[in-house]
Amino acid sequence: MNIVALDPIHNDALFEFFGQLSERDLTLIKEDVKNLDAVREWSGGPAKQWVVLDGEGIAGYAAVRPLAQWSDHVGELRLVVHPARRHAGLGRALARYALAEAVRAGRRKVVVELAADQHHALAMFGSLGFTGEALLRDHIRDRDGELHDLVMLAHFVDDTWASIQTIGLADELSPK
C-alpha cells in the first residue's frame with residue numbers, strides 16, 4: 001500500500017475514483033465530488049489529505065480538515081475507500097495513518113461523522129480509539145429523500161495516546 005500526500009497531479013485520478021462510487025457513497029460525502037473543479041480545489045485547501053495509490057488509480061482517500069476558530073484543535077477525519085477494496089484492511093490502515101498525522105499536526109481531538117448503519121466503519125473507528133460523541137436523528141437525507149441518522153465519533157488524543165504510551169504501543173501504531 002502506497003499512501004502519499006494528495007498533490008495536484010492526483011486530481012484527475014481522484015475525480016475518476018469518486019466517479020466509481022455508488023449513489024449511497026456519494027450521499028455520505030458533503031462536497032460535490034462529481035464536480036472536477038471542486039475536486040481540484042481540495043489539493044490547495046487547509047486540510048491534510050492523502051491518497052492510496054494502486055497502480056495508476058486511487059484506492060482510497062483520507063483527509064483531516066481543521067475546524068475553525070475556537071475549535072482549531074479539532075480535526076474532522078474523512079475517509080473513502082474504493083468499493084472493491086473495502087473490508088480488506090485498507091480503510092483501517094489509511095484511517096490510522098490519518099489519525100497519526102493529525103496528532104503530529106497538533107490536533108487534540110479528531111472527529112468522524114458516519115451514517116448510523118455503517119456498522120463496519122463504526123467498528124473499525126471504535127477499534128482505533130474513537131468513541132460515541134453524538135447521535136443526530138434524521139440528519140442525513142439521501143438522494144432518494146430518505147432520512148438517516150448520523151453518528152459522530154471522537155478520538156480524544158491526550159487520553160488515548162497517554163494510554164497507548166503507558167502500555168508501550170506508541171511505536172507500533174505510528175505510521176511507517
# chains A, B, ... in the order shown; residues from 1 in each chain; ligands from 1
>>> select_by_dssp(residues="chain A", states="strand (DSSP E)", output="count of residues only")
57
>>> select_by_dssp(residues="range 6-175 of chain A", states="helix (DSSP H, G or I)", output="ChimeraX atom specification")
/A:8-19,23-27,36-42,69-71,83-85,90-104,119-127,157-166,170-173
>>> residues_around(residues="His87 in chain A", least_positions_apart="2", cutoff="12 Å", atoms="only C-alpha atoms", output="NGL selection string")
:A and (81-85 or 89-93 or 119-121 or 123-124)
>>> residues_around(residues="range 96-113 of chain A", least_positions_apart="4", cutoff="9 Å", atoms="only C-alpha atoms", output="VMD selection string")
chain A and resid 3 48 to 50 62 to 64 66 72 to 79 91 to 92 125 128 130 133 150 to 158 173 to 176
>>> closest_atom_pairs(of="range 48-162 of chain A", to="range 7-19 of chain A", cutoff="8 Å", atoms="only C-alpha atoms", output="Markdown table")
| residue | atom | partner | partner_atom | distance |
| --- | --- | --- | --- | --- |
| A:Glu56 | CA | A:Ala13 | CA | 7.9 |
| A:Gly57 | CA | A:Ala13 | CA | 5.9 |
| A:Ile58 | CA | A:Phe17 | CA | 6.0 |
| A:Ala59 | CA | A:Phe17 | CA | 7.4 |
| A:His82 | CA | A:Phe17 | CA | 7.2 |
>>> write_last_selection(atoms="all heavy atoms", output="mmCIF file, in the first residue's frame")
data_model
loop_
_atom_site.group_PDB
_atom_site.id
_atom_site.type_symbol
_atom_site.label_atom_id
_atom_site.label_comp_id
_atom_site.auth_asym_id
_atom_site.auth_seq_id
_atom_site.Cartn_x
_atom_site.Cartn_y
_atom_site.Cartn_z
ATOM 1 N N GLU A 56 -2.121 2.760 -11.342
ATOM 2 C CA GLU A 56 -2.282 4.119 -11.835
ATOM 3 C C GLU A 56 -3.510 4.801 -11.261
ATOM 4 O O GLU A 56 -3.748 5.979 -11.524
ATOM 5 C CB GLU A 56 -2.349 4.096 -13.358
ATOM 6 C CG GLU A 56 -1.067 3.571 -13.956
ATOM 7 C CD GLU A 56 -0.902 3.955 -15.403
ATOM 8 O OE1 GLU A 56 -1.599 4.874 -15.863
ATOM 9 O OE2 GLU A 56 -0.055 3.338 -16.046
ATOM 10 N N GLY A 57 -4.294 4.075 -10.480
ATOM 11 C CA GLY A 57 -5.505 4.640 -9.910
ATOM 12 C C GLY A 57 -5.377 4.898 -8.428
ATOM 13 O O GLY A 57 -4.323 4.716 -7.817
ATOM 14 N N ILE A 58 -6.481 5.323 -7.849
ATOM 15 C CA ILE A 58 -6.547 5.601 -6.418
ATOM 16 C C ILE A 58 -7.490 4.587 -5.782
ATOM 17 O O ILE A 58 -8.585 4.330 -6.286
ATOM 18 C CB ILE A 58 -7.023 7.043 -6.177
ATOM 19 C CG1 ILE A 58 -5.920 8.009 -6.633
ATOM 20 C CG2 ILE A 58 -7.399 7.265 -4.728
ATOM 21 C CD1 ILE A 58 -6.277 9.464 -6.517
ATOM 22 N N ALA A 59 -7.053 4.006 -4.661
ATOM 23 C CA ALA A 59 -7.852 3.007 -3.956
ATOM 24 C C ALA A 59 -8.483 3.564 -2.689
ATOM 25 O O ALA A 59 -9.385 2.951 -2.127
ATOM 26 C CB ALA A 59 -6.990 1.795 -3.610
ATOM 27 N N HIS A 82 -12.261 2.678 -2.048
ATOM 28 C CA HIS A 82 -12.875 2.147 -3.266
ATOM 29 C C HIS A 82 -13.714 0.922 -2.896
ATOM 30 O O HIS A 82 -13.276 0.071 -2.108
ATOM 31 C CB HIS A 82 -11.796 1.763 -4.277
ATOM 32 C CG HIS A 82 -12.343 1.418 -5.621
ATOM 33 N ND1 HIS A 82 -12.958 0.214 -5.891
ATOM 34 C CD2 HIS A 82 -12.397 2.144 -6.763
ATOM 35 C CE1 HIS A 82 -13.343 0.203 -7.150
ATOM 36 N NE2 HIS A 82 -13.022 1.368 -7.705
#
>>> residues_around(residues="Glu31 in chain A", least_positions_apart="6", cutoff="12 Å", atoms="only C-alpha atoms", output="ChimeraX atom specification")
/A:18,25,37-39,41-42,78
>>> write_last_selection(atoms="N, CA, C and O atoms", output="PDB file, in the first residue's frame")
ATOM      1  N   PHE A  18     -13.751   9.030  -7.369  1.00  0.00           N
ATOM      2  CA  PHE A  18     -15.060   9.409  -6.859  1.00  0.00           C
ATOM      3  C   PHE A  18     -16.164   9.002  -7.832  1.00  0.00           C
ATOM      4  O   PHE A  18     -17.271   8.674  -7.413  1.00  0.00           O
ATOM      5  N   ASP A  25     -22.752   5.975  -1.468  1.00  0.00           N
ATOM      6  CA  ASP A  25     -21.464   6.535  -1.029  1.00  0.00           C
ATOM      7  C   ASP A  25     -21.434   8.044  -1.236  1.00  0.00           C
ATOM      8  O   ASP A  25     -20.978   8.788  -0.365  1.00  0.00           O
ATOM      9  N   ASP A  37     -13.900  20.682 -10.861  1.00  0.00           N
ATOM     10  CA  ASP A  37     -13.317  21.907 -10.309  1.00  0.00           C
ATOM     11  C   ASP A  37     -13.296  21.871  -8.782  1.00  0.00           C
ATOM     12  O   ASP A  37     -12.326  22.301  -8.153  1.00  0.00           O
ATOM     13  N   ALA A  38     -14.355  21.339  -8.175  1.00  0.00           N
ATOM     14  CA  ALA A  38     -14.400  21.228  -6.712  1.00  0.00           C
ATOM     15  C   ALA A  38     -13.316  20.268  -6.217  1.00  0.00           C
ATOM     16  O   ALA A  38     -12.634  20.548  -5.229  1.00  0.00           O
ATOM     17  N   VAL A  39     -13.142  19.165  -6.919  1.00  0.00           N
ATOM     18  CA  VAL A  39     -12.106  18.200  -6.532  1.00  0.00           C
ATOM     19  C   VAL A  39     -10.727  18.837  -6.675  1.00  0.00           C
ATOM     20  O   VAL A  39      -9.858  18.670  -5.818  1.00  0.00           O
ATOM     21  N   GLU A  41      -9.921  21.932  -6.311  1.00  0.00           N
ATOM     22  CA  GLU A  41      -9.707  22.926  -5.258  1.00  0.00           C
ATOM     23  C   GLU A  41      -9.207  22.293  -3.964  1.00  0.00           C
ATOM     24  O   GLU A  41      -8.534  22.946  -3.167  1.00  0.00           O
ATOM     25  N   TRP A  42      -9.538  21.034  -3.732  1.00  0.00           N
ATOM     26  CA  TRP A  42      -9.157  20.369  -2.486  1.00  0.00           C
ATOM     27  C   TRP A  42      -7.668  20.348  -2.254  1.00  0.00           C
ATOM     28  O   TRP A  42      -7.207  20.524  -1.137  1.00  0.00           O
ATOM     29  N   ARG A  78     -12.007  12.484   7.251  1.00  0.00           N
ATOM     30  CA  ARG A  78     -12.839  11.976   6.154  1.00  0.00           C
ATOM     31  C   ARG A  78     -12.120  10.778   5.570  1.00  0.00           C
ATOM     32  O   ARG A  78     -10.895  10.804   5.391  1.00  0.00           O
TER      33      ARG A  78
END
>>> atom_distance(atom1="CA of Glu146 in chain A", atom2="CA of Ala115 in chain A")
12.4 Å
